[in-house]
Structures are given as structure tokens and as C-alpha cells.
Amino acid sequence: MSVNEYKLPDVGEGLTEAEIVSWKVKVGDTIKVNDIVVEIETAKSLVELPSPYAGTITALLVPEGETVAVGTPIISVSSGEAGAAPGAAPDAAAGAVDDGAATAEPAGGAPAPADGDEEPMKTLVGYGPRSAAAKRRPRRGGGTPHSQPASAMQDQLQGAFTPGPVGEEEIEIDELEPAVPAQSAARTGAGTSTVLAKPPVRKLAKDLGIDLREVTPSGPNGTITRADIEGFSGGATADQPSGAPAPAMPQASGERETREPIKGVRKMMAQAMVDSAFTAPHVTEWITVDVTRTMRYVAKLKEHRDFRDVKVSPLLVVAKAVCLAARRTPEINATWDDAAQEVVYKSYVNLGIAAATPRGLVVPNIKDADRMSMVEMASSINELTRTARDGKTQPAQMSGGSFTITNVGVFGVDAGTPIINPGESAILCFGAVRKQPWVHKDRIKARDITTLALSFDHRLVDGEKGSRFLADVAAILEDPASALMF
């Protein structure tokens with residue numbers, strides 16, 4: 001049997017670490033090559049990792065919620081026939097015993113009994129050889145020790161005790177009920193067993209000052225739940241009778257405040273915004289636009305047969321307007337290469353759409369958006385936003401962007417001063433569309449009004465170019481028919 005350790009790969013562009021969000025397999029599962037085994041969070045997105053190995057899971061080497069460096073072994077997979085129970089812990093493999101012939105030598109080198117002798121008691125994992133044989137109590141109900149299969153006895157004893165030195169005295173072991181519950185091994189031997197708990201539960205325990213190893217799990221596969229933490233903090237401890245008064249729990253420091261580690265997507269986004277804000281000289285301009293005709297155009301698109309399977313919103317018209325207006329102002333779609341002291345002009349528009357997710361802001365982009373039809377662009381926007389909200393955006397989808405739109409209007413916000421996405425030269429903020437009094441044909445009428453705000457890098461986009469681009473986008477939104485002139 002060979003054991004392969006799957007090391008955390010670099011799934012992005014030079015990523016150095018990732019957080020284990022959730023395991024999709026458990027110890028003992030049989031997997032094939034490319035089966036999904038774990039979901040991780042990198043600095044850019046949530047990623048599901050397939051296994052490069054086929055076989056049986058022998059150990060999950062990193063608990064959920066822990067951040068590890070690229071190249072760290074996270075799971076071990078055995079191939080071939082295993083000689084030990086698949087549920088054995090990784091550090092137990094060295095002490096595992098063969099349940100085969102009666103003449104096999106038990107773990108630790110203890111000699112096997114002669115034929116006809118009572119079946120030997122297997123040496124417990126990690127204990128090594130014993131100088132005195134274990135003594136058994138009679139089985140309840142008058143049965144003999146031989147009336148229980150050896151494999152069942154081995155399963156009951158596996159993991160029941162933590163490793164430690166064994167003296168010369170004899171140890172009595174109840175065959176039916178292990179003297180120590182299996183979960184106690186994780187508490188009595190710190191570091192010898194992984195505590196299973198999801199990241200929110202670990203955070204709650206940390207805020208309350210609770211050691212997870214002291215909590216008795218009630219979830220599936222020995223997972224500690226939120227209810228276990230709440231019960232532990234308000235009731236008796238695992239080692240205390242339920243009728244005894246619970247000891248005073250230490251007051252959590254700063255109970256009126258909570259702390260959340262800065263990591264993953266949020267950490268990357270924060271660093272990128274700082275780099276952009278203090279590298280590129282930002283200039284922001286606003287324009288208020290009557291988009292009544294655009295709203296009528298959107299209503300017509302929704303009724304068109306080609307758009308019956310896609311969601312249509314004003315953002316679609318804004319995206320198309322940006323692609324058209326960028327043709328007349330190529331600096332808007334360019335990049336300032338400080339290292340080479342060059343301006344890189346792009347003959348394509350990779351249009352980024354900023355999306356707010358529970359894990360932070362992500363900006364996936366639509367590749368070659370300027371070459372798409374309205375239907376293709378609508379489908380791409382729908383897929384992009386859905387994937388982002390599900391946390392499934394891949395690093396490749398967020399690289400190579402050339403211009404970004406942030407739609408703050410969905411939150412009822414009128415405008416803002418957005419920060420340019422790193423590697424780009426401008427970003428357009430699309431505000432809420434509201435019915436407002438507006439002068440139209442020398443009369444005050446209720447019209448659909450919105451505000452556009454454009455932030456641009458003043459190193460390569462001067463005021464004239466930025467203003468012209470913003471005016472072009474506004475003109476298309478004011479009258480979509482004007483797009484025929486671009």
C-alpha cells in the first residue's frame with residue numbers, strides 16, 4: 001500500500017496561502033481522480049479542488065477554518081489494499097495491526113500466542129509492547145469473550161484511548177463499552193486529534209474564550225455545533241455532572257466588540273484598493289442624465305423574443321455604452337505600465353462588473369465584451385453576477401480586466417467616488433434610477449434620472465478625455481438610438 005499526500009496547490013497567480021473552508025470527503029471514503037475533495041478560499045475566490053489521486057482517504061491533515069501555505073499537505077490518500085481500518089488516524093498507521101491469521105505478530109513486536117490459546121488483545125495504537133497481558137471482564141449477560149467477533153471488538157477499541165506510557169499493572173477493558181468515549185481522545189490528548197468545527201463556530205468559541213477540545217460534539221462525524229458551544233458556555237462542562245453548578249466562565253474580552261480576521265478575498269481587496277488609491281492620481285467627475293428613453297428601451301428588450309431567457313436591466317445598456325464610448329477615447333481602456341514607463345493601449349474591452357459578496361468585493365470581467373451582441377452581453381452579465389454571489393468566481397475570471405462598472409444603484413445610492421481597479425485606468429459608478437422632476441421640452445415633468453460618476457487615472461487620462469468619455473456614455477443613455485453614430 002502506498003500513501004500519497006495531496007499538497008495545497010497554487011490555484012491562482014502567485015497565491016501563497018488559502019483557507020480550508022469545507023471538506024467534501026471524510027476519512028474512509030473511496031475517491032477517484034478528479035473527485036472534488038475540498039473547498040478553499042484564496043485571496044481571490046472560493047475554489048473547489050479535485051484530487052489528483054485515487055484510493056481511500058486516510059487522513060484530513062488540516063481542519064476547516066485554518067489557513068495554510070501553498071505546498072502544505074492537506075489530505076492523504078492510500079492506494080492499493082490497506083492493512084488497517086480506513087478510519088484510523090494518520091499517526092495511528094505506524095501502530096496499526098493486522099487482523100489476519102492468528103499467528104501474525106501483534107503491533108509492537110509482542111509474540112503471538114500458540115494455537116488454541118485465547119485470542120490476543122490487540123495492542124492499542126501508540127502504546128507499544130506490553131509486559132503484562134490485558135485482562136477482560138466477563139461479557140454482560142453471561143456470554144464469553146469469544147462470542148463477540150474480533151473485528152467488532154477492534155472497531156470499538158480503535159481510537160478509544162490516547163497514546164501514553166503504560167505501566168506494568170494490568171488494565172481491565174470492557175468489551176462492550178470503551179472506558180473512555182471516542183470523543184474524549186480529542187480532549188485528553190491535545191494535538192493528537194483534530195477538532196471538527198466550522199469557521200463560524202470556531203469564531204464563536206474564540207469570542208467566548210472556550211477551548212474547543214473541552215466541548216462535547218453532537219454534530220455528524222463528531223462535529224462541534226453552535227448549540228454545543230452555547231450549551232457549554234451556559235451549562236455544565238463535559239467533565240462535570242449536569243446537576244453540579246457550572247464554574248464561572250471567564251468573561252470574553254470586549255464582549256461589546258467582535259473581531260474578524262482579515263483574510264481571503266477581503267484581504268486581497270483591501271490591499272488592492274490601498275495600492276490603487278495611493279499609486280494612481282484619482283480624478284472623479286459626475287453627470288446627471290435623463291434616462292427615460294433607456295428605461296423604455298429596456299422594457300422593450302424584456303418583451304423581445306431573443307431576450308426571453310435572460311434578465312435585462314439598465315446595466316446592460318450602460319455596459320454597451322461603455323464599450324462603444326471607449327472606441328473614441330482609447331486611453332480609458334489603457335494601462336499605465338510604471339515599470340516599463342509605457343502606456344499599454346488595448347484593442348479589446350474586458351469589462352469588469354464589481355459584485356458584492358459575503359466574502360468581500362470581487363470584480364470578475366467579461367472577456368471581449370466589445371465584440372458581443374446585446375443578447376450575449378446580457379447572458380454574460382447574468383452568469384458573471386450569479387457566479388460571484390455564489391462565491392464560485394475563479395481567479396482567471398478576475399484577471400486581465402481593462403475597465404470596470406460598479407452598480408451602486410441596486411442599493412439605492414445615487415453616486416459615489418469609486419476607486420480604480422488595479423491595472424486599469426478608469427471605473428464608472430452607475431447610480432440609482434429615480435423618478436424626479438426634470439425640465440423636458442421646456443416643461444417640468446417626472447422623468448427617470450440617474451447620476452454617473454467616472455474616476456480615472458490622471459497620469460494617462462486628462463480632464464478633456466475623461467469628460468468626453470463620460471459625455472459619450474451619457475448621450476447613449478439619454479438616447480439609445482445615438483449609439484448608431486459610434
# chains A, B, ... in the order shown; residues from 1 in each chain; ligands from 1

call {"tool": "residues_around", "arguments": {"residues": "Gly71 in chain A", "least_positions_apart": "3", "cutoff": "7 Å", "atoms": "only C-alpha atoms", "output": "VMD selection string"}}
result
chain A and resid 7 to 9

call {"tool": "residues_around", "arguments": {"residues": "Ile427 in chain A", "least_positions_apart": "2", "cutoff": "8 Å", "atoms": "only C-alpha atoms", "output": "compact mmCIF listing (two decimals) with N, CA and C atoms, in the first residue's frame"}}
result
# COMPACT_ATOMS: atom_id res chain seq x y z
N PHE A 403 -11.58 47.70 -17.88
CA PHE A 403 -12.46 48.77 -17.43
C PHE A 403 -13.52 48.15 -16.53
N THR A 404 -13.96 48.91 -15.52
CA THR A 404 -14.91 48.36 -14.54
C THR A 404 -16.13 49.26 -14.38
N ILE A 405 -17.28 48.62 -14.19
CA ILE A 405 -18.52 49.31 -13.83
C ILE A 405 -18.92 48.85 -12.44
N THR A 406 -19.22 49.79 -11.55
CA THR A 406 -19.77 49.44 -10.25
C THR A 406 -21.19 50.00 -10.17
N PRO A 418 -15.75 56.07 -6.88
CA PRO A 418 -15.14 54.73 -6.85
C PRO A 418 -13.63 54.78 -7.02
N ILE A 419 -12.95 53.77 -6.46
CA ILE A 419 -11.51 53.63 -6.61
C ILE A 419 -11.23 52.72 -7.80
N ILE A 420 -10.28 53.14 -8.61
CA ILE A 420 -9.96 52.40 -9.83
C ILE A 420 -9.44 51.01 -9.49
N ASN A 421 -9.89 50.02 -10.23
CA ASN A 421 -9.40 48.66 -10.07
C ASN A 421 -7.95 48.60 -10.52
N SER A 425 -7.44 52.02 -15.89
CA SER A 425 -7.28 53.47 -15.86
C SER A 425 -8.55 54.21 -15.49
N CYS A 429 -19.19 54.60 -12.04
CA CYS A 429 -20.17 54.33 -10.99
C CYS A 429 -21.56 54.67 -11.54
N LEU A 454 -17.43 59.08 -12.89
CA LEU A 454 -16.27 58.43 -13.51
C LEU A 454 -15.01 58.82 -12.76
N SER A 455 -14.30 57.82 -12.23
CA SER A 455 -12.97 58.04 -11.64
C SER A 455 -11.94 57.56 -12.66
N PHE A 456 -10.91 58.38 -12.90
CA PHE A 456 -9.90 57.99 -13.88
C PHE A 456 -8.51 58.36 -13.39

call {"tool": "residues_around", "arguments": {"residues": "Gly360 in chain A", "least_positions_apart": "2", "cutoff": "6 Å", "atoms": "only C-alpha atoms", "output": "ChimeraX atom specification"}}
result
/A:265-266,357-358

call {"tool": "residues_around", "arguments": {"residues": "Pro217 in chain A", "least_positions_apart": "4", "cutoff": "9 Å", "atoms": "only C-alpha atoms", "output": "count of residues only"}}
result
10

call {"tool": "residues_around", "arguments": {"residues": "Pro480 in chain A", "least_positions_apart": "6", "cutoff": "9 Å", "atoms": "only C-alpha atoms", "output": "ChimeraX atom specification"}}
result
/A:293-294,297,317,321

call {"tool": "select_by_dssp", "arguments": {"residues": "range 289-445 of chain A", "states": "alpha helix (DSSP H)", "output": "PyMOL selection string"}}
result
chain A and resi 292-303+314-325+374-389

call {"tool": "atom_distance", "arguments": {"atom1": "CA of Glu383 in chain A", "atom2": "CA of Leu316 in chain A"}}
result
12.9 Å

call {"tool": "closest_residue", "arguments": {"among": "A:Leu49, A:Val3, A:Ile75, A:Ile332", "to": "Leu61 in chain A", "atoms": "only C-alpha atoms"}}
result
A:Ile75

call {"tool": "closest_residue", "arguments": {"among": "A:Ser218, A:Thr387, A:Ser399, A:Thr451", "to": "Asn350 in chain A", "atoms": "only C-alpha atoms"}}
result
A:Ser399

call {"tool": "atom_distance", "arguments": {"atom1": "CA of Ile40 in chain A", "atom2": "CA of Ala272 in chain A"}}
result
20.8 Å

call {"tool": "closest_residue", "arguments": {"among": "A:Ala326, A:Ile36, A:Ile353, A:Val11", "to": "Ala396 in chain A", "atoms": "only C-alpha atoms"}}
result
A:Val11

call {"tool": "residues_around", "arguments": {"residues": "Val77 in chain A", "least_positions_apart": "2", "cutoff": "6 Å", "atoms": "only C-alpha atoms", "output": "ChimeraX atom specification"}}
result
/A:3-4,55-58

call {"tool": "write_last_selection", "arguments": {"atoms": "N, CA and C atoms", "output": "PDB file, in the first residue's frame"}}
result
ATOM      1  N   VAL A   3       0.890   5.570   0.279  1.00  0.00           N
ATOM      2  CA  VAL A   3       0.107   6.700   0.758  1.00  0.00           C
ATOM      3  C   VAL A   3       0.617   7.969   0.076  1.00  0.00           C
ATOM      4  N   ASN A   4      -0.312   8.676  -0.585  1.00  0.00           N
ATOM      5  CA  ASN A   4       0.036   9.923  -1.269  1.00  0.00           C
ATOM      6  C   ASN A   4      -0.508  11.106  -0.487  1.00  0.00           C
ATOM      7  N   GLY A  55      -8.071   6.392  -4.519  1.00  0.00           N
ATOM      8  CA  GLY A  55      -7.828   5.495  -3.391  1.00  0.00           C
ATOM      9  C   GLY A  55      -8.756   5.784  -2.233  1.00  0.00           C
ATOM     10  N   THR A  56      -8.277   5.515  -1.029  1.00  0.00           N
ATOM     11  CA  THR A  56      -9.060   5.686   0.197  1.00  0.00           C
ATOM     12  C   THR A  56      -8.481   6.821   1.028  1.00  0.00           C
ATOM     13  N   ILE A  57      -9.348   7.682   1.513  1.00  0.00           N
ATOM     14  CA  ILE A  57      -8.909   8.795   2.355  1.00  0.00           C
ATOM     15  C   ILE A  57      -8.440   8.235   3.692  1.00  0.00           C
ATOM     16  N   THR A  58      -7.187   8.489   4.029  1.00  0.00           N
ATOM     17  CA  THR A  58      -6.662   8.009   5.304  1.00  0.00           C
ATOM     18  C   THR A  58      -6.570   9.104   6.353  1.00  0.00           C
TER      19      THR A  58
END

call {"tool": "select_by_dssp", "arguments": {"residues": "range 216-417 of chain A", "states": "strand (DSSP E)", "output": "ChimeraX atom specification"}}
result
/A:223-224,282-290,335-337,342-344,351-353,355-357,360-362,365-366,403-407

call {"tool": "write_last_selection", "arguments": {"atoms": "C-alpha atoms", "output": "PDB file, in the first residue's frame"}}
result
ATOM      1  CA  THR A 223     -18.533  17.964  14.547  1.00  0.00           C
ATOM      2  CA  ILE A 224     -18.962  20.672  17.169  1.00  0.00           C
ATOM      3  CA  HIS A 282      -7.644  59.796  -8.993  1.00  0.00           C
ATOM      4  CA  VAL A 283      -9.961  62.346 -10.544  1.00  0.00           C
ATOM      5  CA  THR A 284     -13.747  61.936 -10.342  1.00  0.00           C
ATOM      6  CA  GLU A 285     -16.380  63.626 -12.499  1.00  0.00           C
ATOM      7  CA  TRP A 286     -20.185  63.426 -12.296  1.00  0.00           C
ATOM      8  CA  ILE A 287     -23.009  63.865 -14.756  1.00  0.00           C
ATOM      9  CA  THR A 288     -26.760  63.661 -14.169  1.00  0.00           C
ATOM     10  CA  VAL A 289     -28.686  62.068 -17.030  1.00  0.00           C
ATOM     11  CA  ASP A 290     -32.301  61.739 -18.120  1.00  0.00           C
ATOM     12  CA  THR A 335      -2.991  50.677 -18.679  1.00  0.00           C
ATOM     13  CA  TRP A 336      -0.126  52.664 -17.162  1.00  0.00           C
ATOM     14  CA  ASP A 337       2.944  50.386 -17.047  1.00  0.00           C
ATOM     15  CA  GLU A 342       4.795  52.850 -21.188  1.00  0.00           C
ATOM     16  CA  VAL A 343       1.074  53.250 -21.776  1.00  0.00           C
ATOM     17  CA  VAL A 344      -0.466  49.985 -22.962  1.00  0.00           C
ATOM     18  CA  LEU A 351     -15.411  44.651 -18.915  1.00  0.00           C
ATOM     19  CA  GLY A 352     -15.366  44.170 -15.156  1.00  0.00           C
ATOM     20  CA  ILE A 353     -18.581  44.200 -13.123  1.00  0.00           C
ATOM     21  CA  ALA A 355     -20.004  42.400  -7.300  1.00  0.00           C
ATOM     22  CA  ALA A 356     -20.520  42.475  -3.547  1.00  0.00           C
ATOM     23  CA  THR A 357     -20.369  39.022  -1.937  1.00  0.00           C
ATOM     24  CA  GLY A 360     -15.917  40.757   0.073  1.00  0.00           C
ATOM     25  CA  LEU A 361     -15.869  42.681  -3.192  1.00  0.00           C
ATOM     26  CA  VAL A 362     -14.879  40.811  -6.350  1.00  0.00           C
ATOM     27  CA  ASN A 365     -14.757  40.602 -16.071  1.00  0.00           C
ATOM     28  CA  ILE A 366     -16.406  39.741 -19.367  1.00  0.00           C
ATOM     29  CA  PHE A 403     -12.462  48.773 -17.431  1.00  0.00           C
ATOM     30  CA  THR A 404     -14.910  48.361 -14.537  1.00  0.00           C
ATOM     31  CA  ILE A 405     -18.522  49.313 -13.834  1.00  0.00           C
ATOM     32  CA  THR A 406     -19.774  49.441 -10.245  1.00  0.00           C
ATOM     33  CA  ASN A 407     -23.556  49.488  -9.954  1.00  0.00           C
TER      34      ASN A 407
END

call {"tool": "atom_distance", "arguments": {"atom1": "CA of Val33 in chain A", "atom2": "CA of Ile74 in chain A"}}
result
16.1 Å

call {"tool": "closest_residue", "arguments": {"among": "A:Arg468, A:Leu484, A:Gly409, A:Met295", "to": "Arg447 in chain A", "atoms": "only C-alpha atoms"}}
result
A:Met295

call {"tool": "residues_around", "arguments": {"residues": "Val375 in chain A", "least_positions_apart": "2", "cutoff": "8 Å", "atoms": "only C-alpha atoms", "output": "list in words"}}
result
Asp306, Phe307, Val310, Met372, Ser373, Met377, Ala378 and Ser379 of chain A

call {"tool": "write_last_selection", "arguments": {"atoms": "N, CA and C atoms", "output": "mmCIF file, in the first residue's frame"}}
result
data_model
loop_
_atom_site.group_PDB
_atom_site.id
_atom_site.type_symbol
_atom_site.label_atom_id
_atom_site.label_comp_id
_atom_site.auth_asym_id
_atom_site.auth_seq_id
_atom_site.Cartn_x
_atom_site.Cartn_y
_atom_site.Cartn_z
ATOM 1 N N ASP A 306 -35.808 37.335 -28.324
ATOM 2 C CA ASP A 306 -34.407 36.942 -28.151
ATOM 3 C C ASP A 306 -33.935 37.078 -26.704
ATOM 4 N N PHE A 307 -34.658 37.845 -25.889
ATOM 5 C CA PHE A 307 -34.244 38.088 -24.506
ATOM 6 C C PHE A 307 -35.136 37.380 -23.486
ATOM 7 N N VAL A 310 -33.102 35.573 -20.687
ATOM 8 C CA VAL A 310 -32.078 36.297 -19.948
ATOM 9 C C VAL A 310 -32.703 37.466 -19.211
ATOM 10 N N MET A 372 -19.353 41.563 -28.349
ATOM 11 C CA MET A 372 -20.572 40.799 -28.080
ATOM 12 C C MET A 372 -21.817 41.538 -28.547
ATOM 13 N N SER A 373 -22.820 40.749 -28.898
ATOM 14 C CA SER A 373 -24.140 41.319 -29.164
ATOM 15 C C SER A 373 -24.817 41.627 -27.834
ATOM 16 N N MET A 377 -24.074 39.738 -24.299
ATOM 17 C CA MET A 377 -23.633 40.503 -23.143
ATOM 18 C C MET A 377 -24.579 40.326 -21.969
ATOM 19 N N ALA A 378 -25.882 40.280 -22.234
ATOM 20 C CA ALA A 378 -26.858 40.065 -21.160
ATOM 21 C C ALA A 378 -26.642 38.714 -20.490
ATOM 22 N N SER A 379 -26.418 37.692 -21.293
ATOM 23 C CA SER A 379 -26.164 36.359 -20.736
ATOM 24 C C SER A 379 -24.882 36.339 -19.921
#

call {"tool": "closest_residue", "arguments": {"among": "A:Ala340, A:Ile20, A:Ala446, A:Ala426", "to": "Pro73 in chain A", "atoms": "only C-alpha atoms"}}
result
A:Ile20
